[in-house]
$ cat final-v1.cif   # mmCIF, C-alpha atoms
data_input
#
loop_
_atom_site.label_atom_id
_atom_site.label_comp_id
_atom_site.auth_asym_id
_atom_site.auth_seq_id
_atom_site.Cartn_x
_atom_site.Cartn_y
_atom_site.Cartn_z
CA LEU A 194 -28.63 14.11 11.56
CA CYS A 195 -29.54 10.81 13.23
CA GLU A 196 -32.18 12.46 15.39
CA ARG A 197 -34.02 13.66 12.30
CA ASN A 198 -35.14 10.10 11.56
CA PRO A 199 -38.77 9.69 12.70
CA ALA A 200 -38.46 5.96 13.49
CA GLU A 201 -36.60 4.93 16.64
CA LYS A 202 -35.03 1.91 14.90
CA GLU A 203 -33.63 4.13 12.16
CA ARG A 204 -32.23 6.57 14.72
CA THR A 205 -30.54 3.70 16.56
CA ASN A 206 -29.04 2.26 13.38
CA CYS A 207 -27.85 5.70 12.35
CA TRP A 208 -26.02 6.20 15.66
CA LEU A 209 -24.51 2.70 15.55
CA ASN A 210 -23.13 3.40 12.07
CA ALA A 211 -21.79 6.76 13.19
CA VAL A 212 -20.02 5.19 16.17
CA ARG A 213 -18.53 2.43 13.99
CA GLU A 214 -17.24 4.94 11.46
CA ASN A 215 -15.76 7.03 14.25
CA TYR A 216 -13.94 3.99 15.65
CA ASN A 217 -12.35 3.42 12.25
CA TRP A 218 -10.65 6.79 12.54
CA GLU A 219 -8.62 5.41 15.43
CA LYS A 220 -6.47 3.74 12.76
CA HIS A 221 -5.39 7.14 11.50
CA GLN A 222 -4.75 8.42 15.01
CA MET A 223 -2.71 5.29 15.72
CA MET A 224 -0.68 5.92 12.57
CA VAL A 225 0.16 9.44 13.75
CA ASP A 226 1.06 8.18 17.23
CA TYR A 227 3.49 5.57 15.88
CA LEU A 228 4.99 7.87 13.25
CA GLU A 229 5.71 10.42 15.98
CA SER A 230 6.88 7.88 18.55
CA PRO A 231 10.25 8.61 20.21
CA GLN A 232 11.24 5.10 19.09
CA ASN A 233 11.52 6.60 15.60
CA PHE A 234 10.12 3.70 13.60
CA SER A 235 11.27 3.64 9.97
CA HIS A 236 7.89 2.30 8.76
CA VAL A 237 4.47 1.75 10.31
CA LEU A 238 1.86 -0.84 9.30
CA VAL A 239 -1.74 -0.36 10.43
CA LEU A 240 -3.81 -3.43 9.59
CA ASP A 241 -7.47 -4.17 10.32
CA ALA A 242 -7.98 -6.70 13.10
CA ASP A 243 -9.77 -9.06 10.71
CA ALA A 244 -6.73 -9.32 8.41
CA ALA A 245 -3.73 -11.62 8.77
CA LEU A 246 -0.25 -12.10 7.33
CA VAL A 247 -0.53 -15.55 5.74
CA GLN A 248 2.99 -16.31 4.52
CA PRO A 249 4.95 -16.71 7.78
CA HIS A 250 8.23 -17.40 6.00
CA HIS A 251 8.09 -14.18 3.96
CA ASP A 252 9.38 -10.79 5.13
CA ILE A 253 6.14 -9.14 4.07
CA MET A 254 6.78 -5.73 5.61
CA GLY A 255 10.28 -5.76 4.19
CA MET A 256 8.78 -6.47 0.77
CA MET A 257 6.40 -3.53 1.06
CA ALA A 258 9.20 -1.26 2.28
CA SER A 259 11.26 -2.27 -0.76
CA GLU A 260 8.36 -1.48 -3.09
CA LEU A 261 8.09 2.01 -1.58
CA ALA A 262 11.82 2.59 -1.90
CA GLU A 263 11.92 1.42 -5.52
CA ALA A 264 8.97 3.64 -6.43
CA GLY A 265 10.27 6.63 -4.47
CA LYS A 266 7.00 6.82 -2.51
CA ASP A 267 6.08 7.23 1.16
CA LEU A 268 2.67 5.53 1.51
CA LEU A 269 1.47 2.14 0.24
CA VAL A 270 -2.26 1.44 0.03
CA THR A 271 -4.11 -1.34 -1.77
CA ASN A 272 -7.03 -1.57 -4.13
CA GLU A 273 -9.86 -4.13 -4.17
CA ASP A 274 -8.93 -5.83 -7.46
CA TRP A 275 -9.78 -9.24 -5.99
CA LEU A 276 -13.45 -8.31 -6.43
CA GLY A 277 -12.99 -8.56 -10.18
CA ASP A 278 -14.85 -5.47 -11.41
CA GLN A 279 -13.26 -2.47 -13.07
CA SER A 280 -13.96 0.12 -10.36
CA SER A 281 -12.31 -2.04 -7.69
CA LYS A 282 -8.93 -1.56 -9.39
CA THR A 283 -8.88 2.14 -8.52
CA ARG A 284 -10.73 2.02 -5.18
CA ILE A 285 -8.58 2.20 -2.03
CA ASN A 286 -9.38 -0.24 0.77
CA GLY A 287 -8.64 1.34 4.15
CA GLY A 288 -7.85 -1.98 5.85
CA LEU A 289 -4.12 -1.72 5.19
CA LEU A 290 -1.96 1.38 5.56
CA PHE A 291 1.82 1.08 5.24
CA ALA A 292 3.78 4.29 5.70
CA ARG A 293 7.41 5.26 5.58
CA ASN A 294 8.16 7.68 8.42
CA THR A 295 8.44 11.01 6.60
CA LYS A 296 7.14 14.54 7.00
CA PHE A 297 4.60 13.83 4.27
CA THR A 298 3.03 10.81 5.98
CA ARG A 299 2.94 12.53 9.38
CA ASP A 300 1.29 15.58 7.82
CA LEU A 301 -1.08 13.52 5.67
CA PHE A 302 -2.68 11.61 8.52
CA LYS A 303 -2.93 14.74 10.65
CA ASP A 304 -4.62 16.51 7.73
CA MET A 305 -7.19 13.75 7.30
CA LEU A 306 -7.94 13.69 11.03
CA ASP A 307 -8.37 17.47 11.07
CA ALA A 308 -10.67 17.21 8.04
CA HIS A 309 -12.75 14.61 9.85
CA TRP A 310 -13.11 16.72 12.98
CA GLY A 311 -13.91 19.71 10.78
CA GLY A 312 -17.06 18.00 9.51
CA HIS A 313 -18.43 19.12 6.17
CA GLU A 314 -16.16 22.19 6.17
CA GLY A 315 -13.14 19.89 6.33
CA ASN A 316 -9.58 21.13 6.73
CA PRO A 317 -9.10 24.48 4.96
CA ARG A 318 -5.29 24.61 5.28
CA PRO A 319 -3.76 21.15 4.88
CA ARG A 320 -0.10 20.69 5.81
CA ILE A 321 0.61 18.73 2.63
CA GLY A 322 -0.40 21.74 0.52
CA GLY A 323 -3.14 22.31 -2.01
CA GLY A 324 -6.75 23.28 -1.43
CA ALA A 325 -9.05 22.41 1.44
CA VAL A 326 -9.43 18.74 2.36
CA ARG A 327 -13.08 17.70 2.34
CA GLY A 328 -15.00 14.42 2.13
CA CYS A 329 -13.73 13.13 5.47
CA ALA A 330 -16.69 13.79 7.75
CA GLY A 331 -17.83 10.16 7.70
CA ASN A 332 -16.03 7.00 6.59
CA GLU A 333 -12.20 7.04 6.66
CA GLN A 334 -12.06 4.93 3.49
CA LEU A 335 -14.11 7.54 1.64
CA CYS A 336 -11.67 10.13 2.94
CA LEU A 337 -8.78 8.21 1.38
CA GLY A 338 -10.78 8.16 -1.83
CA ALA A 339 -11.22 11.93 -1.62
CA MET A 340 -7.46 12.35 -1.22
CA GLN A 341 -6.66 9.98 -4.08
CA ASN A 342 -6.85 12.47 -6.95
CA ARG A 343 -4.92 15.24 -5.23
CA LYS A 344 -1.52 15.79 -6.85
CA GLU A 345 0.13 15.97 -3.41
CA PHE A 346 -1.20 12.51 -2.58
CA GLN A 347 -0.35 11.00 -5.94
CA ALA A 348 3.23 12.27 -5.79
CA LYS A 349 3.96 10.40 -2.55
CA SER A 350 1.59 7.40 -2.54
CA MET A 351 1.32 4.14 -4.43
CA LEU A 352 -1.78 2.04 -5.00
CA THR A 353 -0.86 -1.62 -5.28
CA SER A 354 -2.75 -4.88 -5.71
CA GLY A 355 -5.10 -5.88 -2.93
CA MET A 356 -4.91 -9.40 -4.31
CA ARG A 357 -1.37 -9.50 -2.98
CA TYR A 358 -1.39 -7.44 0.20
CA ASN A 359 -5.05 -7.17 1.24
CA CYS A 360 -7.01 -10.00 -0.37
CA GLY A 361 -10.61 -10.86 0.43
CA ALA A 362 -11.17 -14.41 1.66
CA LYS A 363 -12.99 -15.90 -1.33
CA ASP A 364 -12.64 -19.65 -1.89
CA GLN A 365 -10.52 -19.23 -5.00
CA PHE A 366 -8.04 -17.02 -3.15
CA ILE A 367 -7.90 -19.29 -0.10
CA GLN A 368 -6.79 -22.11 -2.41
CA ARG A 369 -4.33 -19.79 -4.13
CA MET A 370 -2.95 -18.69 -0.76
CA ARG A 371 -2.12 -22.32 0.06
CA GLU A 372 -0.22 -22.96 -3.17
CA LYS A 373 3.55 -23.21 -3.16
CA ASP A 374 5.14 -19.81 -3.92
CA SER A 375 1.76 -18.08 -3.54
CA ASP A 376 1.71 -14.34 -4.20
CA ILE A 377 -1.05 -13.69 -1.62
CA GLU A 378 0.71 -12.24 1.39
CA ILE A 379 -2.13 -10.77 3.48
CA MET A 380 -5.71 -12.04 3.65
CA HIS A 381 -8.55 -9.84 4.87
CA PHE A 382 -11.55 -11.63 6.39
CA MET A 383 -14.13 -8.97 5.64
CA GLY A 384 -17.85 -9.22 6.25
CA GLY A 385 -19.28 -12.74 6.27
CA SER A 386 -15.87 -14.39 5.90
CA LYS A 387 -14.89 -13.54 9.50
CA GLY A 388 -16.48 -16.73 10.81
CA ALA A 389 -14.25 -18.86 8.60
CA ALA A 390 -10.99 -17.21 9.66
CA ALA A 391 -10.15 -19.62 12.49
CA ASP A 392 -10.53 -22.72 10.32
CA ILE A 393 -8.56 -21.19 7.46
CA LEU A 394 -5.68 -20.04 9.67
CA CYS A 395 -5.57 -23.07 11.99
CA LYS A 396 -6.83 -26.09 10.07
CA GLY A 397 -5.24 -25.73 6.66
CA PRO A 398 -2.17 -27.58 5.40
CA VAL A 399 -0.04 -25.18 7.48
CA ASP A 400 -0.89 -23.70 10.88
CA LEU A 401 -0.49 -20.04 10.01
CA THR A 402 -0.41 -18.95 13.65
CA GLY A 403 2.75 -20.99 14.25
CA GLU A 404 1.52 -21.99 17.71
CA GLY A 405 -0.35 -25.24 17.09
CA LYS A 406 -3.94 -26.16 17.85
CA GLN A 407 -3.61 -25.34 21.54
CA GLY A 408 -1.88 -22.01 20.97
CA TYR A 409 -3.47 -18.64 21.60
CA GLY A 410 -4.69 -18.22 18.03
CA CYS A 411 -6.26 -21.65 17.56
CA SER A 412 -7.26 -22.93 21.00
CA PRO A 413 -11.04 -23.60 21.26
#

$ encode --input "final-v1.cif" --output "C-alpha cells"
Amino acid sequence: LCERNPAEKERTNCWLNAVRENYNWEKHQMMVDYLESPQNFSHVLVLDADAALVQPHHDIMGMMASELAEAGKDLLVTNEDWLGDQSSKTRINGGLLFARNTKFTRDLFKDMLDAHWGGHEGNPRPRIGGGAVRGCAGNEQLCLGAMQNRKEFQAKSMLTSGMRYNCGAKDQFIQRMREKDSDIEIMHFMGGSKGAAADILCKGPVDLTGEGKQGYGCSP
C-alpha cells in the first residue's frame, strides 16, 4: 500500500508508520513468551517504555492482581479517562497489559498475533472461540478495540481507570501524583510529555527512581 503513494515523502512516512506499528506488536509476542515461560509466572505486566510506576512504596502489581481476583477476570487493561472526554472512558490504551497466567490469556494474545499476521483476512478460527478475529492488520491498540465487544473478551477482561494505572502526564495529574495518598499509580509519558519525564521522576519532592541524582535513572 505504501508504494502506491506517488510522492516519495509520503511513501517514506507510510513505511515508517508501518514499521512503528509492527514494533508495537512485540508487546503481544513478549506477553505470550512470558506467559509460556517455564518459570510459570502467575501474572505478567507489559508496560510501554515511556511509562513508570510512580508510587514506590505501593505494591502496584499486587493491587492489580487483587482487582483481577476480586472481579474473577484474567486480563486488566485501562481506558484513557484522564483525557476527559466521553469516548476516552471506553477506549483501551495499549500501553499497559496485565494478565493472569491462564489458558484464556495465552490463547488471546496468540489469537491477536495470528490475526495481525493474517492481514485483512484476520484469524478465522480463534482459540478463544467465536467468529473470525479481524481489525488487527495495523495498530495493536485498534486490535484491542476490535476485541473489546466480543463476549469472549468481555467475560474474562476488565477495563479499569487509566487515571489510576496508566495516566497521561498532564500538569494537573503530575501535581495529583505528588499528593499524599495519591491514587495515581502509573504515569505514562506519551507524545510530547516524554521530554519532561526525567525532571518529573528525578527532581520532584521524591526521587521516584530511588537511586539519587547520580543513579542510572537520573544521572546527566

$ resolve_selection --input "final-v1.cif" --expression "the PyMOL selection byres ((chain A and resi 357) around 10)" --output "PyMOL selection string"
chain A and resi 271-272+274-275+353-356+358-361+370+375-380

$ closest_residue --input "final-v1.cif" --among "A:Asp304, A:Gln248, A:Thr295, A:Pro317" --to "Arg369 (chain A)" --atoms "only C-alpha atoms"
A:Gln248

$ resolve_selection --input "final-v1.cif" --expression "the PyMOL selection byres ((chain A and resi 231-243) around 7)" --output "VMD selection string"
chain A and resid 220 224 227 to 230 244 to 245 288 to 294 381 to 383 387

$ closest_residue --input "final-v1.cif" --among "A:Lys406, A:His221, A:Lys266, A:Val247" --to "Cys336 (chain A)" --atoms "all atoms listed in the file"
A:His221

$ closest_residue --input "final-v1.cif" --among "A:Gly405, A:Pro319, A:Gly384, A:Pro413" --to "Phe297 (chain A)" --atoms "only C-alpha atoms"
A:Pro319

$ residues_around --input "final-v1.cif" --residues "His309 (chain A)" --least-positions-apart "5" --cutoff "7 Å" --atoms "all atoms listed in the file" --output "VMD selection string"
chain A and resid 315 329 to 330

$ resolve_selection --input "final-v1.cif" --expression "the PyMOL selection byres ((chain A and resi 327) around 10)" --output "PyMOL selection string"
chain A and resi 305+307-309+311-317+324-326+328-330+336+339-340

$ atom_distance --input "final-v1.cif" --atom1 "CA of Thr298 (chain A)" --atom2 "CA of Asp267 (chain A)"
6.7 Å

$ atom_distance --input "final-v1.cif" --atom1 "CA of Gln279 (chain A)" --atom2 "CA of Gly331 (chain A)"
24.7 Å

$ atom_distance --input "final-v1.cif" --atom1 "CA of Cys395 (chain A)" --atom2 "CA of Asn286 (chain A)"
25.7 Å

$ closest_residue --input "final-v1.cif" --among "A:Pro249, A:Asn198, A:Asp300, A:Leu352" --to "Ser281 (chain A)" --atoms "all atoms listed in the file"
A:Leu352

$ closest_residue --input "final-v1.cif" --among "A:Ile285, A:Leu401, A:Ala389, A:Leu268" --to "Glu345 (chain A)" --atoms "only C-alpha atoms"
A:Leu268

$ closest_residue --input "final-v1.cif" --among "A:Val225, A:Ala264, A:Glu201, A:His250" --to "Asp374 (chain A)" --atoms "only C-alpha atoms"
A:His250

$ decode --input "final-v1.cif" --residues "region 211-361 of chain A" --atoms "C-alpha atoms" --output "PDB file, in the first residue's frame"
ATOM      1  CA  ALA A 211       4.153   0.649   9.268  1.00  0.00           C
ATOM      2  CA  VAL A 212       7.450  -0.254  10.926  1.00  0.00           C
ATOM      3  CA  ARG A 213       6.469   1.551  14.148  1.00  0.00           C
ATOM      4  CA  GLU A 214       3.130  -0.233  14.288  1.00  0.00           C
ATOM      5  CA  ASN A 215       4.851  -3.558  13.672  1.00  0.00           C
ATOM      6  CA  TYR A 216       7.271  -2.908  16.545  1.00  0.00           C
ATOM      7  CA  ASN A 217       4.305  -2.361  18.862  1.00  0.00           C
ATOM      8  CA  TRP A 218       3.219  -5.938  18.229  1.00  0.00           C
ATOM      9  CA  GLU A 219       6.361  -7.110  20.009  1.00  0.00           C
ATOM     10  CA  LYS A 220       4.483  -6.333  23.243  1.00  0.00           C
ATOM     11  CA  HIS A 221       1.977  -9.050  22.430  1.00  0.00           C
ATOM     12  CA  GLN A 222       4.696 -11.503  21.462  1.00  0.00           C
ATOM     13  CA  MET A 223       6.507 -10.699  24.708  1.00  0.00           C
ATOM     14  CA  MET A 224       3.303 -11.368  26.634  1.00  0.00           C
ATOM     15  CA  VAL A 225       2.999 -14.817  25.040  1.00  0.00           C
ATOM     16  CA  ASP A 226       6.674 -15.577  25.730  1.00  0.00           C
ATOM     17  CA  TYR A 227       6.371 -14.724  29.429  1.00  0.00           C
ATOM     18  CA  LEU A 228       3.015 -16.452  29.880  1.00  0.00           C
ATOM     19  CA  GLU A 229       4.518 -19.623  28.408  1.00  0.00           C
ATOM     20  CA  SER A 230       7.840 -19.324  30.239  1.00  0.00           C
ATOM     21  CA  PRO A 231       8.989 -22.437  32.139  1.00  0.00           C
ATOM     22  CA  GLN A 232       9.284 -20.138  35.164  1.00  0.00           C
ATOM     23  CA  ASN A 233       5.475 -20.263  35.281  1.00  0.00           C
ATOM     24  CA  PHE A 234       4.799 -16.657  36.251  1.00  0.00           C
ATOM     25  CA  SER A 235       1.442 -16.143  37.975  1.00  0.00           C
ATOM     26  CA  HIS A 236       0.947 -12.723  36.319  1.00  0.00           C
ATOM     27  CA  VAL A 237       2.683 -10.745  33.582  1.00  0.00           C
ATOM     28  CA  LEU A 238       2.834  -6.957  33.194  1.00  0.00           C
ATOM     29  CA  VAL A 239       3.793  -5.481  29.827  1.00  0.00           C
ATOM     30  CA  LEU A 240       4.266  -1.723  30.112  1.00  0.00           C
ATOM     31  CA  ASP A 241       5.328   0.797  27.475  1.00  0.00           C
ATOM     32  CA  ALA A 242       8.892   2.042  27.912  1.00  0.00           C
ATOM     33  CA  ASP A 243       7.648   5.619  28.350  1.00  0.00           C
ATOM     34  CA  ALA A 244       5.546   4.706  31.401  1.00  0.00           C
ATOM     35  CA  ALA A 245       6.678   4.430  35.017  1.00  0.00           C
ATOM     36  CA  LEU A 246       5.445   3.129  38.363  1.00  0.00           C
ATOM     37  CA  VAL A 247       5.317   6.318  40.439  1.00  0.00           C
ATOM     38  CA  GLN A 248       4.386   5.123  43.931  1.00  0.00           C
ATOM     39  CA  PRO A 249       7.494   3.169  45.008  1.00  0.00           C
ATOM     40  CA  HIS A 250       6.025   2.247  48.393  1.00  0.00           C
ATOM     41  CA  HIS A 251       2.905   0.656  46.881  1.00  0.00           C
ATOM     42  CA  ASP A 252       2.628  -2.959  45.730  1.00  0.00           C
ATOM     43  CA  ILE A 253       1.104  -1.845  42.439  1.00  0.00           C
ATOM     44  CA  MET A 254       1.193  -5.202  40.679  1.00  0.00           C
ATOM     45  CA  GLY A 255      -0.216  -6.854  43.780  1.00  0.00           C
ATOM     46  CA  MET A 256      -3.041  -4.322  43.730  1.00  0.00           C
ATOM     47  CA  MET A 257      -3.844  -5.098  40.098  1.00  0.00           C
ATOM     48  CA  ALA A 258      -3.686  -8.837  40.770  1.00  0.00           C
ATOM     49  CA  SER A 259      -6.157  -8.379  43.636  1.00  0.00           C
ATOM     50  CA  GLU A 260      -8.522  -6.436  41.383  1.00  0.00           C
ATOM     51  CA  LEU A 261      -8.475  -9.281  38.855  1.00  0.00           C
ATOM     52  CA  ALA A 262      -9.101 -11.866  41.557  1.00  0.00           C
ATOM     53  CA  GLU A 263     -11.986  -9.912  43.080  1.00  0.00           C
ATOM     54  CA  ALA A 264     -13.602  -9.439  39.671  1.00  0.00           C
ATOM     55  CA  GLY A 265     -12.994 -13.025  38.573  1.00  0.00           C
ATOM     56  CA  LYS A 266     -11.168 -11.810  35.455  1.00  0.00           C
ATOM     57  CA  ASP A 267      -7.915 -12.735  33.702  1.00  0.00           C
ATOM     58  CA  LEU A 268      -6.838  -9.544  31.894  1.00  0.00           C
ATOM     59  CA  LEU A 269      -6.653  -5.948  33.139  1.00  0.00           C
ATOM     60  CA  VAL A 270      -6.472  -3.106  30.624  1.00  0.00           C
ATOM     61  CA  THR A 271      -7.004   0.620  31.127  1.00  0.00           C
ATOM     62  CA  ASN A 272      -9.007   3.328  29.447  1.00  0.00           C
ATOM     63  CA  GLU A 273      -7.970   6.918  28.660  1.00  0.00           C
ATOM     64  CA  ASP A 274     -10.370   8.644  31.078  1.00  0.00           C
ATOM     65  CA  TRP A 275      -7.668  11.161  32.028  1.00  0.00           C
ATOM     66  CA  LEU A 276      -8.324  12.861  28.676  1.00  0.00           C
ATOM     67  CA  GLY A 277     -11.700  13.972  29.994  1.00  0.00           C
ATOM     68  CA  ASP A 278     -13.977  13.257  27.017  1.00  0.00           C
ATOM     69  CA  GLN A 279     -16.721  10.657  26.926  1.00  0.00           C
ATOM     70  CA  SER A 280     -15.205   8.325  24.318  1.00  0.00           C
ATOM     71  CA  SER A 281     -11.955   8.026  26.282  1.00  0.00           C
ATOM     72  CA  LYS A 282     -13.803   6.173  29.059  1.00  0.00           C
ATOM     73  CA  THR A 283     -14.432   3.181  26.809  1.00  0.00           C
ATOM     74  CA  ARG A 284     -11.252   3.311  24.684  1.00  0.00           C
ATOM     75  CA  ILE A 285      -8.480   0.854  25.612  1.00  0.00           C
ATOM     76  CA  ASN A 286      -4.933   2.201  25.768  1.00  0.00           C
ATOM     77  CA  GLY A 287      -2.458  -0.488  24.727  1.00  0.00           C
ATOM     78  CA  GLY A 288       0.378   0.894  26.882  1.00  0.00           C
ATOM     79  CA  LEU A 289      -0.444  -1.352  29.840  1.00  0.00           C
ATOM     80  CA  LEU A 290      -1.366  -5.027  29.708  1.00  0.00           C
ATOM     81  CA  PHE A 291      -1.649  -7.004  32.945  1.00  0.00           C
ATOM     82  CA  ALA A 292      -2.525 -10.678  32.581  1.00  0.00           C
ATOM     83  CA  ARG A 293      -3.112 -13.552  34.933  1.00  0.00           C
ATOM     84  CA  ASN A 294      -1.457 -16.679  33.538  1.00  0.00           C
ATOM     85  CA  THR A 295      -4.428 -18.673  32.259  1.00  0.00           C
ATOM     86  CA  LYS A 296      -5.394 -20.578  29.129  1.00  0.00           C
ATOM     87  CA  PHE A 297      -7.568 -17.635  28.103  1.00  0.00           C
ATOM     88  CA  THR A 298      -4.768 -15.038  28.206  1.00  0.00           C
ATOM     89  CA  ARG A 299      -2.308 -17.338  26.430  1.00  0.00           C
ATOM     90  CA  ASP A 300      -4.874 -18.038  23.719  1.00  0.00           C
ATOM     91  CA  LEU A 301      -5.996 -14.407  23.467  1.00  0.00           C
ATOM     92  CA  PHE A 302      -2.585 -12.976  22.677  1.00  0.00           C
ATOM     93  CA  LYS A 303      -1.822 -15.779  20.236  1.00  0.00           C
ATOM     94  CA  ASP A 304      -5.148 -15.095  18.519  1.00  0.00           C
ATOM     95  CA  MET A 305      -4.405 -11.385  18.144  1.00  0.00           C
ATOM     96  CA  LEU A 306      -0.923 -12.099  16.782  1.00  0.00           C
ATOM     97  CA  ASP A 307      -2.339 -14.590  14.281  1.00  0.00           C
ATOM     98  CA  ALA A 308      -4.962 -12.023  13.248  1.00  0.00           C
ATOM     99  CA  HIS A 309      -2.225  -9.463  12.693  1.00  0.00           C
ATOM    100  CA  TRP A 310      -0.144 -11.783  10.533  1.00  0.00           C
ATOM    101  CA  GLY A 311      -3.313 -12.754   8.666  1.00  0.00           C
ATOM    102  CA  GLY A 312      -3.725  -9.187   7.417  1.00  0.00           C
ATOM    103  CA  HIS A 313      -7.200  -8.088   6.410  1.00  0.00           C
ATOM    104  CA  GLU A 314      -8.458 -11.693   6.465  1.00  0.00           C
ATOM    105  CA  GLY A 315      -7.508 -11.911  10.129  1.00  0.00           C
ATOM    106  CA  ASN A 316      -7.720 -15.099  12.165  1.00  0.00           C
ATOM    107  CA  PRO A 317     -10.656 -17.251  11.023  1.00  0.00           C
ATOM    108  CA  ARG A 318     -10.525 -19.765  13.899  1.00  0.00           C
ATOM    109  CA  PRO A 319      -9.599 -18.056  17.176  1.00  0.00           C
ATOM    110  CA  ARG A 320      -8.664 -20.248  20.134  1.00  0.00           C
ATOM    111  CA  ILE A 321     -10.858 -18.231  22.499  1.00  0.00           C
ATOM    112  CA  GLY A 322     -13.943 -19.111  20.436  1.00  0.00           C
ATOM    113  CA  GLY A 323     -16.417 -17.042  18.478  1.00  0.00           C
ATOM    114  CA  GLY A 324     -16.155 -15.740  14.945  1.00  0.00           C
ATOM    115  CA  ALA A 325     -13.104 -14.645  12.996  1.00  0.00           C
ATOM    116  CA  VAL A 326     -10.822 -12.045  14.582  1.00  0.00           C
ATOM    117  CA  ARG A 327     -10.334  -9.065  12.279  1.00  0.00           C
ATOM    118  CA  GLY A 328      -9.202  -5.454  12.674  1.00  0.00           C
ATOM    119  CA  CYS A 329      -5.658  -6.374  13.694  1.00  0.00           C
ATOM    120  CA  ALA A 330      -3.730  -5.788  10.478  1.00  0.00           C
ATOM    121  CA  GLY A 331      -2.341  -2.442  11.655  1.00  0.00           C
ATOM    122  CA  ASN A 332      -2.190  -0.898  15.120  1.00  0.00           C
ATOM    123  CA  GLU A 333      -2.247  -3.267  18.122  1.00  0.00           C
ATOM    124  CA  GLN A 334      -4.355  -0.806  20.113  1.00  0.00           C
ATOM    125  CA  LEU A 335      -7.011  -0.850  17.399  1.00  0.00           C
ATOM    126  CA  CYS A 336      -6.887  -4.636  17.581  1.00  0.00           C
ATOM    127  CA  LEU A 337      -7.663  -4.494  21.302  1.00  0.00           C
ATOM    128  CA  GLY A 338     -10.550  -2.197  20.434  1.00  0.00           C
ATOM    129  CA  ALA A 339     -11.799  -4.726  17.893  1.00  0.00           C
ATOM    130  CA  MET A 340     -11.704  -7.447  20.557  1.00  0.00           C
ATOM    131  CA  GLN A 341     -13.443  -5.291  23.148  1.00  0.00           C
ATOM    132  CA  ASN A 342     -17.044  -6.055  22.193  1.00  0.00           C
ATOM    133  CA  ARG A 343     -16.592  -9.794  21.784  1.00  0.00           C
ATOM    134  CA  LYS A 344     -18.390 -11.729  24.514  1.00  0.00           C
ATOM    135  CA  GLU A 345     -15.343 -13.980  24.981  1.00  0.00           C
ATOM    136  CA  PHE A 346     -13.197 -10.933  25.721  1.00  0.00           C
ATOM    137  CA  GLN A 347     -15.732  -9.259  27.977  1.00  0.00           C
ATOM    138  CA  ALA A 348     -16.185 -12.406  30.063  1.00  0.00           C
ATOM    139  CA  LYS A 349     -12.502 -12.545  31.016  1.00  0.00           C
ATOM    140  CA  SER A 350     -11.257  -8.932  30.835  1.00  0.00           C
ATOM    141  CA  MET A 351     -11.735  -5.790  32.885  1.00  0.00           C
ATOM    142  CA  LEU A 352     -11.358  -2.200  31.741  1.00  0.00           C
ATOM    143  CA  THR A 353     -10.217  -0.015  34.611  1.00  0.00           C
ATOM    144  CA  SER A 354      -9.304   3.633  35.067  1.00  0.00           C
ATOM    145  CA  GLY A 355      -6.283   4.892  33.171  1.00  0.00           C
ATOM    146  CA  MET A 356      -6.194   7.774  35.621  1.00  0.00           C
ATOM    147  CA  ARG A 357      -5.029   5.262  38.202  1.00  0.00           C
ATOM    148  CA  TYR A 358      -2.903   2.751  36.336  1.00  0.00           C
ATOM    149  CA  ASN A 359      -1.949   4.443  33.047  1.00  0.00           C
ATOM    150  CA  CYS A 360      -2.277   8.207  33.445  1.00  0.00           C
ATOM    151  CA  GLY A 361      -1.104  10.766  30.910  1.00  0.00           C
TER     152      GLY A 361
END
